[in-house]
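First comes the structure, then the notes that go with it.
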Number of protein chains: 4
Amino acid sequence: MKIGVIGYGYWGPNVVRNFYNAANATVAYVADLSPKSLQRVRQTYPTMPVTTNPAEVFADPGIDAVAIVTPITYHFPLAKQALESGKHVFVEKPFTATTAQAEELIELAERKNLLIMVDHTFLFNGAVRKIHELISSGTLGNLYYYDSTRVNLGLFQHDANVVWDLAPHDLSIIDYLIEDVPEAIVATGEKHVNGTEDMAFITIYFPNKVIAHLNLNWLSPVKVRTTLIGGEKKMLVWNDLEADEKVKVYDKGIERSNGSSGYDLRVSYRTGDLWVPRIEQVEALTREAQYFVSCVLSGETPFNDGRAGLRVVRMLEAIDRSIAHKGEMVYCGSGMSKPVPSQAAAQMRSASA
Amino acid sequence: MKIGVIGYGYWGPNVVRNFYNAANATVAYVADLSPKSLQRVRQTYPTMPVTTNPAEVFADPGIDAVAIVTPITYHFPLAKQALESGKHVFVEKPFTATTAQAEELIELAERKNLLIMVDHTFLFNGAVRKIHELISSGTLGNLYYYDSTRVNLGLFQHDANVVWDLAPHDLSIIDYLIEDVPEAIVATGEKHVNGTEDMAFITIYFPNKVIAHLNLNWLSPVKVRTTLIGGEKKMLVWNDLEADEKVKVYDKGIERSNGSSGYDLRVSYRTGDLWVPRIEQVEALTREAQYFVSCVLSGETPFNDGRAGLRVVRMLEAIDRSIAHKGEMVYCGSGMSKPVPSQAAAQMRSASA
Amino acid sequence: MKIGVIGYGYWGPNVVRNFYNAANATVAYVADLSPKSLQRVRQTYPTMPVTTNPAEVFADPGIDAVAIVTPITYHFPLAKQALESGKHVFVEKPFTATTAQAEELIELAERKNLLIMVDHTFLFNGAVRKIHELISSGTLGNLYYYDSTRVNLGLFQHDANVVWDLAPHDLSIIDYLIEDVPEAIVATGEKHVNGTEDMAFITIYFPNKVIAHLNLNWLSPVKVRTTLIGGEKKMLVWNDLEADEKVKVYDKGIERSNGSSGYDLRVSYRTGDLWVPRIEQVEALTREAQYFVSCVLSGETPFNDGRAGLRVVRMLEAIDRSIAHKGEMVYCGSGMSKPVPSQAAAQMRSASA
Amino acid sequence: MKIGVIGYGYWGPNVVRNFYNAANATVAYVADLSPKSLQRVRQTYPTMPVTTNPAEVFADPGIDAVAIVTPITYHFPLAKQALESGKHVFVEKPFTATTAQAEELIELAERKNLLIMVDHTFLFNGAVRKIHELISSGTLGNLYYYDSTRVNLGLFQHDANVVWDLAPHDLSIIDYLIEDVPEAIVATGEKHVNGTEDMAFITIYFPNKVIAHLNLNWLSPVKVRTTLIGGEKKMLVWNDLEADEKVKVYDKGIERSNGSSGYDLRVSYRTGDLWVPRIEQVEALTREAQYFVSCVLSGETPFNDGRAGLRVVRMLEAIDRSIAHKGEMVYCGSGMSKPVPSQAAAQMRSASA
């Protein structure tokens, strides 16, 4: 299986390297608008065909699939051309700049019987997979909340605010971990520096009192990547910057006492051991690239398909709208739907194999 | 100067101890509904007059001031009786359960020429004072944001949700650090356990794009007390759980490049040294108790007076209203006003002396 | 049971408080050379008999036992008088200034059928008890090493170098955790400031290649209280400054591969989960004070008796001698002996009850 | 200037990459015994001449210098051949397996007017350079001590114990930071696993009460890379595992009070701000490779020359001897000598340029 990669900027080299080394696949073409980037390609892969014109990749009948690793604005036109040329598509997150674009691509892919995978890399991260296992096995009990802080001194993007830059990570993880679809979103933010949001605070309401919160900030002096996840039985802290102790599972919880009353009535809590499961150290993108190849070869629909990408874009749009109206609640349930759990479980199993 | 203290539960012993040891003052009466609490008083202060009836404290002509250290619901009736009995009042935060109550007490105190101080203890904390100094001296430059995370596995209160329990700390600090009054509040939250909010996410909009955010949570497996404060020139992290390095000042900031254009236009950032100023280790309440005594003796109006207490209660009410309407923006500017900066500065100077 | 306490400086108040509140016992007399210290006693315990003359405590026939909480130089004369007056003795660590003194006191106590307990408080610390349990249950496997770093910016003592100030903690813990008696000690150190060692590095050789190392330092800008303990099956880190995660047990270890040979022969290692057991939060001295009372009442010999104190003093003397001779190996096996394990186990069980 | 590199195992690829990209130099030949390693070379540098026979590199008249990146046992024979072939030598640390070998190579290089540089990479690390600056500028005041903990779960080496594996880092740093030469060494250790020391504790005595201590351990469940450095005026902590705050400078120190006397005489201490200087993020080996090239081209003697390598090997031998005799003090002053400070300073200046 031969893959063409379009875009060789910051993330592209990782995509090329991983597809290059994937079993049953190789990279057969790399395109980038910048000749300088192509020079970097040739330094590492001296025999690799390169081009500044993506159309040449689409025109090559030997190419089975295309990976699109460009700024957001190019995702839609490039993916559309790729699908029209009969290529499967692996596309950077966020999937598209609008839900309309996402829906058009999904429809096109289905019509042409082609596969779309959105690069929600974090779903292949060892910590996220371990957390998914802890939730789906019932270890945490019923979910209470997902609360993520994702802040750093960030490079301002020319085509994205802090939401489109940082939120797709958490949104795709939330979409993966929480079975239900969101009901409504409330988001606030501010533009301090150059007319685009550099801070955002996002609340996502789910059914059954499950609530998610994201704190995104490009103006933080320190880098933080910490998520608290609370369940009825256990709670956990995921600190992605920790080298060895990324996920800490606390045997802590709430206990409601019955029968007591009056002034002294209190909900008490319970404290037990702390457990830090070992996390697999495989590079997430390596696992994901291999999963893409196996989905294409087997015809299986990936769980991070175009619809998953659409669900994330839908939330991004809702967030933007809410921020623009200073926290106005935006409903996002309509049109959101997910595969039934049993299907998803089967898909995940195959991703793990 | 003789002080009567009403309430000897969790915080009362600290209030008694600090007024007992303050210069030019002593504690001359302690009241608590529970005889068991009064027994604890007598163990430590064998000659201290105690009573289960607060009215006896108000009736005692030798008492100059009363400290009210009870659950919130009792603040208003007790403070009202104290003022009507001609006593100055030191009252726990939050000042009252409603803005109407706060306004009534302020009016009453002014009419009777008595002083109200609200126990916003954190304003006397060494770290907060240092941060105030860094902001007011212009070291941080124009403020961008105040972002606080205040979470832990919390005891559920019988008369307060997580907002009334935890937010008064940050709200009083924000009121102290940010010169302007808030324009609007957007808050979300959830009630997982017993019908009262156990999590809340609060955004406060100030003029000039200054934004504050509070993350409050009673269901966190870990205790966090971390605040990021960003300014145009410098940024800082205040971690109140650090033993020695509570305030870290980062010489980091944003630099806008002029003249460049097109695809590569980026706002860049600048990184310099990190500086951890030494923080005075004086107990905050010790300093505050002494300030109360000196305000009463000199007739000076404290900067944490009834009006400061009212401003905090006004924000608490706005937060509750916003949460109840799932993030509806609540305007809170009207009726909010603060002493002009020069006055406040003079007051702070006197608090420092 | 009535206890007299001699010495009310830094640690004395804790000893008084804990014996005062112990079941079946109370503090009936407090002595201190400084009238100012006695004033502090009376503030907290208004009815407590106090004296500047320890002889009065010894002369009081109502006193059953004496706690000696003074600088080291006074331990021997005061303990001797106490025993001669027929009182049981609870004495601060280190037990005495010399092994000769320790031996004389032990002999005297045995002759008069009285009990000596040395205040090795750390043996009653929840973390140390948990570690003891992990070792004695075989969870760690055969011990490899005990490596402690105990450094801070220390107050220089007038009658002790850094070894006599800080080492008794680790030496008593080592004596408790490691079944064997030490064979030899090598120690180095330096006197930078005032003619007494302010830094020391101590190696203790035990049978079966078990090795202990202590890094003691009064000139460290940061406070560290970290001990690594390595076993054949598992290893642990005890950080006494951590609020919640004091003992971390690593499922890590060495695996010797058989049969392979040549250039590539390597001992590999194994990595599994990390486990942080919950540690009981009881104050160590509370548990120890109660244990002293129960030993006196039952006639049981405590495991932290005079002989345990002597073993620690013997090591302290060996360390001093080795440092004075720049690391000369000092044998310390002769004369060292411990109760057989089964006895010790029984004692520990009773301490836990 | 053309460089041949011998050895392409773990560290070799870094050496090749850095010399390949150095100004005024390139890598013109790579040798390794393993054809598999040479295949890795060709993947990255498709046109690079490679060989399994180092003699071909020595025989190539176009090669000006040789970098030796092999296990220790090969350093001497390969460096000797290189020098005899008229090549300058860049050699991995530790320089040689014995002092006799080091002396022979130094003599040979001088006779042939060739340059030797030993790859003490840490001397080009931003943190170490900053520490050197803080010491040599007098900021720390007179040095008291250097205390390093360098522990981890280590791969057992076939030709080195933990001392030869880990100590060269600290020994070269000590040699760089401390102006004097060591007087004596006391070292202890233990062999738990396979007949070679896996733990070692090393004390190095310098003139003027300066003392260094190294804690090396291959059997630690956690990785630690922390060094405390104490001076009369200031103290610092260097934590090489910290991403951003590697060097913390504490304005803490000792103050001797004059005139007071008796029981209360105490050496007190002083606490001020903490300062975390920004550390340059340049890769150490990049800077070192460039320094090698510039020394060869200018004929300047590098400060990490063969004599610096010899001083480290001399200490390694002394440590082994002391451990073998359970802490016997080994004198190492004789034969140790260093360039006079002014020379060293000039050299360092040129390294910085």
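Within each chain, counting starts at residue 1; across the structure tokens, chains are named A, B, ... in the order shown, with ligands numbered 1 upward in that order.
Surrounding stretch 231-239 of chain B within 9 Å are Leu219, Ser220, Pro221 and Val222 of chain A; Ala127, Val128, Ile131, Ile135, Gly138, Thr139, Leu140, Gly141, Asn142, Leu143, Tyr144, Tyr145, Val224, Arg225, Glu245, Lys246, Val247, Lys248, Val249, Tyr250, Asp251, Lys252, Gly253 and Ile254 of chain B, with only C-alpha atoms counted and residues fewer than 6 positions along the same chain left out.
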Just need the residues of chain A within 9 Å of chain B, counting only C-alpha atoms, so spit them out as a PDB file with N, CA and C atoms, in the first residue's frame.
ATOM      1  N   TYR A 144     -18.411  11.433  36.719  1.00  0.00           N
ATOM      2  CA  TYR A 144     -18.889  12.728  37.187  1.00  0.00           C
ATOM      3  C   TYR A 144     -18.410  13.856  36.262  1.00  0.00           C
ATOM      4  N   LEU A 153       2.854  28.839  26.951  1.00  0.00           N
ATOM      5  CA  LEU A 153       3.140  30.053  26.200  1.00  0.00           C
ATOM      6  C   LEU A 153       3.108  29.643  24.737  1.00  0.00           C
ATOM      7  N   GLY A 154       2.018  29.976  24.047  1.00  0.00           N
ATOM      8  CA  GLY A 154       1.763  29.344  22.761  1.00  0.00           C
ATOM      9  C   GLY A 154       2.105  30.211  21.568  1.00  0.00           C
ATOM     10  N   LEU A 155       2.509  29.558  20.511  1.00  0.00           N
ATOM     11  CA  LEU A 155       2.725  30.275  19.268  1.00  0.00           C
ATOM     12  C   LEU A 155       1.381  30.663  18.681  1.00  0.00           C
ATOM     13  N   PHE A 156       1.233  31.934  18.398  1.00  0.00           N
ATOM     14  CA  PHE A 156      -0.010  32.375  17.779  1.00  0.00           C
ATOM     15  C   PHE A 156      -0.068  31.856  16.346  1.00  0.00           C
ATOM     16  N   GLN A 157      -1.190  31.274  15.999  1.00  0.00           N
ATOM     17  CA  GLN A 157      -1.379  30.699  14.674  1.00  0.00           C
ATOM     18  C   GLN A 157      -2.015  31.737  13.753  1.00  0.00           C
ATOM     19  N   HIS A 158      -1.729  31.628  12.491  1.00  0.00           N
ATOM     20  CA  HIS A 158      -2.329  32.608  11.585  1.00  0.00           C
ATOM     21  C   HIS A 158      -3.753  32.226  11.196  1.00  0.00           C
ATOM     22  N   VAL A 186     -21.104  25.923  26.862  1.00  0.00           N
ATOM     23  CA  VAL A 186     -20.968  27.311  27.301  1.00  0.00           C
ATOM     24  C   VAL A 186     -19.483  27.638  27.295  1.00  0.00           C
ATOM     25  N   ALA A 187     -19.094  28.667  26.571  1.00  0.00           N
ATOM     26  CA  ALA A 187     -17.665  28.974  26.494  1.00  0.00           C
ATOM     27  C   ALA A 187     -17.434  30.471  26.602  1.00  0.00           C
ATOM     28  N   THR A 188     -16.341  30.810  27.270  1.00  0.00           N
ATOM     29  CA  THR A 188     -15.931  32.212  27.372  1.00  0.00           C
ATOM     30  C   THR A 188     -14.470  32.301  26.948  1.00  0.00           C
ATOM     31  N   GLY A 189     -14.017  33.525  26.699  1.00  0.00           N
ATOM     32  CA  GLY A 189     -12.629  33.661  26.283  1.00  0.00           C
ATOM     33  C   GLY A 189     -12.279  35.117  26.130  1.00  0.00           C
ATOM     34  N   GLU A 190     -11.065  35.369  25.739  1.00  0.00           N
ATOM     35  CA  GLU A 190     -10.636  36.753  25.554  1.00  0.00           C
ATOM     36  C   GLU A 190      -9.528  36.806  24.510  1.00  0.00           C
ATOM     37  N   LYS A 191      -9.474  37.952  23.824  1.00  0.00           N
ATOM     38  CA  LYS A 191      -8.440  38.199  22.809  1.00  0.00           C
ATOM     39  C   LYS A 191      -7.551  39.319  23.330  1.00  0.00           C
ATOM     40  N   HIS A 192      -6.397  38.998  23.860  1.00  0.00           N
ATOM     41  CA  HIS A 192      -5.557  40.043  24.437  1.00  0.00           C
ATOM     42  C   HIS A 192      -4.568  40.623  23.444  1.00  0.00           C
ATOM     43  N   VAL A 193      -4.104  39.774  22.532  1.00  0.00           N
ATOM     44  CA  VAL A 193      -2.910  40.169  21.805  1.00  0.00           C
ATOM     45  C   VAL A 193      -3.171  40.585  20.362  1.00  0.00           C
ATOM     46  N   ASN A 194      -3.786  39.695  19.579  1.00  0.00           N
ATOM     47  CA  ASN A 194      -3.870  40.061  18.165  1.00  0.00           C
ATOM     48  C   ASN A 194      -5.215  39.765  17.514  1.00  0.00           C
ATOM     49  N   PHE A 201     -12.356  29.207  28.121  1.00  0.00           N
ATOM     50  CA  PHE A 201     -12.827  28.338  29.196  1.00  0.00           C
ATOM     51  C   PHE A 201     -14.133  27.725  28.730  1.00  0.00           C
ATOM     52  N   ILE A 202     -14.161  26.420  28.652  1.00  0.00           N
ATOM     53  CA  ILE A 202     -15.261  25.740  27.964  1.00  0.00           C
ATOM     54  C   ILE A 202     -15.926  24.730  28.883  1.00  0.00           C
ATOM     55  N   THR A 203     -17.251  24.817  28.985  1.00  0.00           N
ATOM     56  CA  THR A 203     -18.021  23.817  29.723  1.00  0.00           C
ATOM     57  C   THR A 203     -18.889  23.050  28.726  1.00  0.00           C
ATOM     58  N   LYS A 209     -25.731  14.417  34.134  1.00  0.00           N
ATOM     59  CA  LYS A 209     -24.885  15.276  34.975  1.00  0.00           C
ATOM     60  C   LYS A 209     -23.392  15.094  34.733  1.00  0.00           C
ATOM     61  N   VAL A 210     -23.040  14.456  33.644  1.00  0.00           N
ATOM     62  CA  VAL A 210     -21.616  14.411  33.305  1.00  0.00           C
ATOM     63  C   VAL A 210     -21.248  15.767  32.730  1.00  0.00           C
ATOM     64  N   ILE A 211     -20.129  16.335  33.214  1.00  0.00           N
ATOM     65  CA  ILE A 211     -19.752  17.668  32.782  1.00  0.00           C
ATOM     66  C   ILE A 211     -18.271  17.665  32.413  1.00  0.00           C
ATOM     67  N   HIS A 213     -14.911  20.196  31.298  1.00  0.00           N
ATOM     68  CA  HIS A 213     -14.430  21.579  31.333  1.00  0.00           C
ATOM     69  C   HIS A 213     -13.025  21.617  30.768  1.00  0.00           C
ATOM     70  N   LEU A 219      -1.270  32.094  26.911  1.00  0.00           N
ATOM     71  CA  LEU A 219      -0.507  33.132  27.607  1.00  0.00           C
ATOM     72  C   LEU A 219      -0.084  32.673  28.996  1.00  0.00           C
ATOM     73  N   SER A 220       0.138  31.380  29.159  1.00  0.00           N
ATOM     74  CA  SER A 220       0.567  30.889  30.468  1.00  0.00           C
ATOM     75  C   SER A 220       2.089  30.798  30.522  1.00  0.00           C
ATOM     76  N   PRO A 221       2.687  31.237  31.623  1.00  0.00           N
ATOM     77  CA  PRO A 221       4.153  31.158  31.722  1.00  0.00           C
ATOM     78  C   PRO A 221       4.645  29.726  31.903  1.00  0.00           C
ATOM     79  N   VAL A 222       3.756  28.846  32.314  1.00  0.00           N
ATOM     80  CA  VAL A 222       4.149  27.453  32.502  1.00  0.00           C
ATOM     81  C   VAL A 222       3.287  26.556  31.629  1.00  0.00           C
ATOM     82  N   LEU A 228      -8.215  16.054  35.313  1.00  0.00           N
ATOM     83  CA  LEU A 228      -8.822  15.324  36.422  1.00  0.00           C
ATOM     84  C   LEU A 228     -10.064  14.627  35.888  1.00  0.00           C
ATOM     85  N   ILE A 229     -10.244  13.383  36.254  1.00  0.00           N
ATOM     86  CA  ILE A 229     -11.447  12.664  35.859  1.00  0.00           C
ATOM     87  C   ILE A 229     -12.041  12.045  37.112  1.00  0.00           C
ATOM     88  N   GLY A 230     -13.282  12.411  37.402  1.00  0.00           N
ATOM     89  CA  GLY A 230     -13.899  11.932  38.629  1.00  0.00           C
ATOM     90  C   GLY A 230     -15.011  10.965  38.329  1.00  0.00           C
ATOM     91  N   GLY A 231     -15.047   9.881  39.072  1.00  0.00           N
ATOM     92  CA  GLY A 231     -16.126   8.914  38.946  1.00  0.00           C
ATOM     93  C   GLY A 231     -16.710   8.632  40.318  1.00  0.00           C
ATOM     94  N   LYS A 234     -14.007   5.844  41.763  1.00  0.00           N
ATOM     95  CA  LYS A 234     -12.596   6.220  41.825  1.00  0.00           C
ATOM     96  C   LYS A 234     -12.379   7.485  41.015  1.00  0.00           C
ATOM     97  N   MET A 235     -11.260   8.132  41.237  1.00  0.00           N
ATOM     98  CA  MET A 235     -10.928   9.346  40.496  1.00  0.00           C
ATOM     99  C   MET A 235      -9.499   9.209  40.010  1.00  0.00           C
ATOM    100  N   LEU A 236      -9.178   9.956  38.945  1.00  0.00           N
ATOM    101  CA  LEU A 236      -7.803   9.862  38.464  1.00  0.00           C
ATOM    102  C   LEU A 236      -7.281  11.213  38.022  1.00  0.00           C
ATOM    103  N   VAL A 237      -5.967  11.314  38.019  1.00  0.00           N
ATOM    104  CA  VAL A 237      -5.274  12.486  37.498  1.00  0.00           C
ATOM    105  C   VAL A 237      -4.358  12.012  36.386  1.00  0.00           C
ATOM    106  N   VAL A 249      -4.380   6.725  39.793  1.00  0.00           N
ATOM    107  CA  VAL A 249      -5.754   6.344  40.100  1.00  0.00           C
ATOM    108  C   VAL A 249      -5.930   6.353  41.618  1.00  0.00           C
ATOM    109  N   TYR A 250      -6.838   7.220  42.081  1.00  0.00           N
ATOM    110  CA  TYR A 250      -7.057   7.384  43.518  1.00  0.00           C
ATOM    111  C   TYR A 250      -8.280   6.589  43.947  1.00  0.00           C
ATOM    112  N   ASP A 251      -8.092   5.802  44.952  1.00  0.00           N
ATOM    113  CA  ASP A 251      -9.223   5.080  45.526  1.00  0.00           C
ATOM    114  C   ASP A 251      -9.905   6.017  46.526  1.00  0.00           C
ATOM    115  N   LYS A 252     -10.470   7.076  45.960  1.00  0.00           N
ATOM    116  CA  LYS A 252     -11.145   8.074  46.781  1.00  0.00           C
ATOM    117  C   LYS A 252     -12.559   8.246  46.258  1.00  0.00           C
ATOM    118  N   GLY A 253     -13.453   8.550  47.141  1.00  0.00           N
ATOM    119  CA  GLY A 253     -14.809   8.743  46.677  1.00  0.00           C
ATOM    120  C   GLY A 253     -15.688   9.308  47.768  1.00  0.00           C
ATOM    121  N   ILE A 254     -16.908   9.522  47.380  1.00  0.00           N
ATOM    122  CA  ILE A 254     -17.895  10.136  48.255  1.00  0.00           C
ATOM    123  C   ILE A 254     -18.741   9.054  48.893  1.00  0.00           C
ATOM    124  N   ARG A 256     -22.334   8.785  50.988  1.00  0.00           N
ATOM    125  CA  ARG A 256     -23.491   9.457  51.550  1.00  0.00           C
ATOM    126  C   ARG A 256     -23.947   8.691  52.780  1.00  0.00           C
ATOM    127  N   GLY A 262     -30.033  17.062  60.306  1.00  0.00           N
ATOM    128  CA  GLY A 262     -29.831  18.308  61.036  1.00  0.00           C
ATOM    129  C   GLY A 262     -28.497  18.955  60.756  1.00  0.00           C
ATOM    130  N   TYR A 263     -28.056  19.720  61.668  1.00  0.00           N
ATOM    131  CA  TYR A 263     -26.895  20.586  61.526  1.00  0.00           C
ATOM    132  C   TYR A 263     -25.656  19.815  61.096  1.00  0.00           C
ATOM    133  N   ASP A 264     -25.515  18.583  61.568  1.00  0.00           N
ATOM    134  CA  ASP A 264     -24.263  17.865  61.345  1.00  0.00           C
ATOM    135  C   ASP A 264     -24.263  16.971  60.115  1.00  0.00           C
ATOM    136  N   LEU A 265     -25.337  16.994  59.343  1.00  0.00           N
ATOM    137  CA  LEU A 265     -25.404  16.131  58.163  1.00  0.00           C
ATOM    138  C   LEU A 265     -24.269  16.453  57.190  1.00  0.00           C
ATOM    139  N   ARG A 266     -23.488  15.471  56.873  1.00  0.00           N
ATOM    140  CA  ARG A 266     -22.377  15.694  55.955  1.00  0.00           C
ATOM    141  C   ARG A 266     -22.223  14.506  55.020  1.00  0.00           C
ATOM    142  N   VAL A 267     -21.852  14.795  53.811  1.00  0.00           N
ATOM    143  CA  VAL A 267     -21.430  13.753  52.899  1.00  0.00           C
ATOM    144  C   VAL A 267     -19.951  13.532  53.198  1.00  0.00           C
ATOM    145  N   SER A 268     -19.581  12.342  53.539  1.00  0.00           N
ATOM    146  CA  SER A 268     -18.191  12.111  53.919  1.00  0.00           C
ATOM    147  C   SER A 268     -17.424  11.516  52.749  1.00  0.00           C
ATOM    148  N   TYR A 269     -16.114  11.427  52.866  1.00  0.00           N
ATOM    149  CA  TYR A 269     -15.360  10.782  51.795  1.00  0.00           C
ATOM    150  C   TYR A 269     -14.424   9.725  52.345  1.00  0.00           C
ATOM    151  N   LYS A 326     -20.409  35.688  24.534  1.00  0.00           N
ATOM    152  CA  LYS A 326     -20.066  35.763  25.961  1.00  0.00           C
ATOM    153  C   LYS A 326     -20.774  34.709  26.804  1.00  0.00           C
ATOM    154  N   GLY A 327     -20.566  33.463  26.431  1.00  0.00           N
ATOM    155  CA  GLY A 327     -21.054  32.381  27.273  1.00  0.00           C
ATOM    156  C   GLY A 327     -22.465  31.913  26.972  1.00  0.00           C
ATOM    157  N   GLU A 328     -23.069  32.422  25.910  1.00  0.00           N
ATOM    158  CA  GLU A 328     -24.413  31.948  25.570  1.00  0.00           C
ATOM    159  C   GLU A 328     -24.391  30.436  25.369  1.00  0.00           C
ATOM    160  N   MET A 329     -25.385  29.776  25.946  1.00  0.00           N
ATOM    161  CA  MET A 329     -25.443  28.327  25.821  1.00  0.00           C
ATOM    162  C   MET A 329     -25.789  27.939  24.393  1.00  0.00           C
TER     163      MET A 329
END
Report task. May I have the residues within 12 Å of C:Glu104 as a PyMOL selection string, using only C-alpha atoms and disregarding those fewer than 3 positions away in the same chain? Result -> chain C and resi 76-77+79-80+83-84+95-96+98-101+107-111+306-307+310
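All residues of protein, DNA or RNA that reach within 6 Å of stretch 160-170 of chain A, judged by only C-alpha atoms and not counting those fewer than 2 positions away in the chain, are Gln157, Ser172, Ile173, Ile174, Thr196, Glu197 and Asp198 of chain A.
Shell of C:Ala97 at 9 Å, with only C-alpha atoms counted and residues fewer than 5 places along the chain excluded, is C:Ile72, C:Thr73, C:Tyr74, C:His75, C:Phe76, C:Ala102, C:Val313, C:Glu317.
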Requested in this report: Using backbone DSSP assignments, extract all strand (DSSP E) residues from stretch 166-211 of chain B; output them as a list in words.
Outcome: Ala184, Ile185, Val186, Ala187, Thr188, Gly189, Glu190, Met199, Ala200, Phe201, Ile202, Thr203, Ile204, Tyr205 and Ile211 of chain B
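Our summary of the geometry notes that atom CA of A:Leu38 is positioned 11.1 Å from atom CA of A:Gly12.
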Report task. Taking the DSSP assignment computed from this structure's backbone, write out as a PyMOL selection string all residues of stretch 78-323 of chain C that belong to alpha helix (DSSP H). Result -> chain C and resi 78-84+99-111+126-136+162-177+284-298+306-323
Report task. One decimal, Å: what's the distance from atom CA of A:Trp275 over to atom CA of C:Val276, could you say? Result -> 6.0 Å
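Taking atom CA of D:Thr121 and atom CA of C:Ser148 as the two end points, the separation is 29.4 Å.
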Requested in this report: Considering only C-alpha atoms, return as a count of residues only whatever protein or nucleic-acid residues lie within 7 Å of A:Ser37, sequence-local ones (same chain, fewer than 3 positions apart) excluded.
Outcome: 6
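Between C:Leu78 and the candidates C:Pro182, C:Pro277, C:Pro54, C:Pro13, the tightest atom-to-atom separation, counting only C-alpha atoms, involves C:Pro54.
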Report task. Identify, on the basis of only C-alpha atoms, every residue whose closest approach to A:Val30 does not exceed 7 Å; exclude the query and any residue fewer than 4 positions from it along the same chain; express the result as a list in words. Result -> Gly4, Val5, Ile6, Pro49, Val50 and Thr51 of chain A
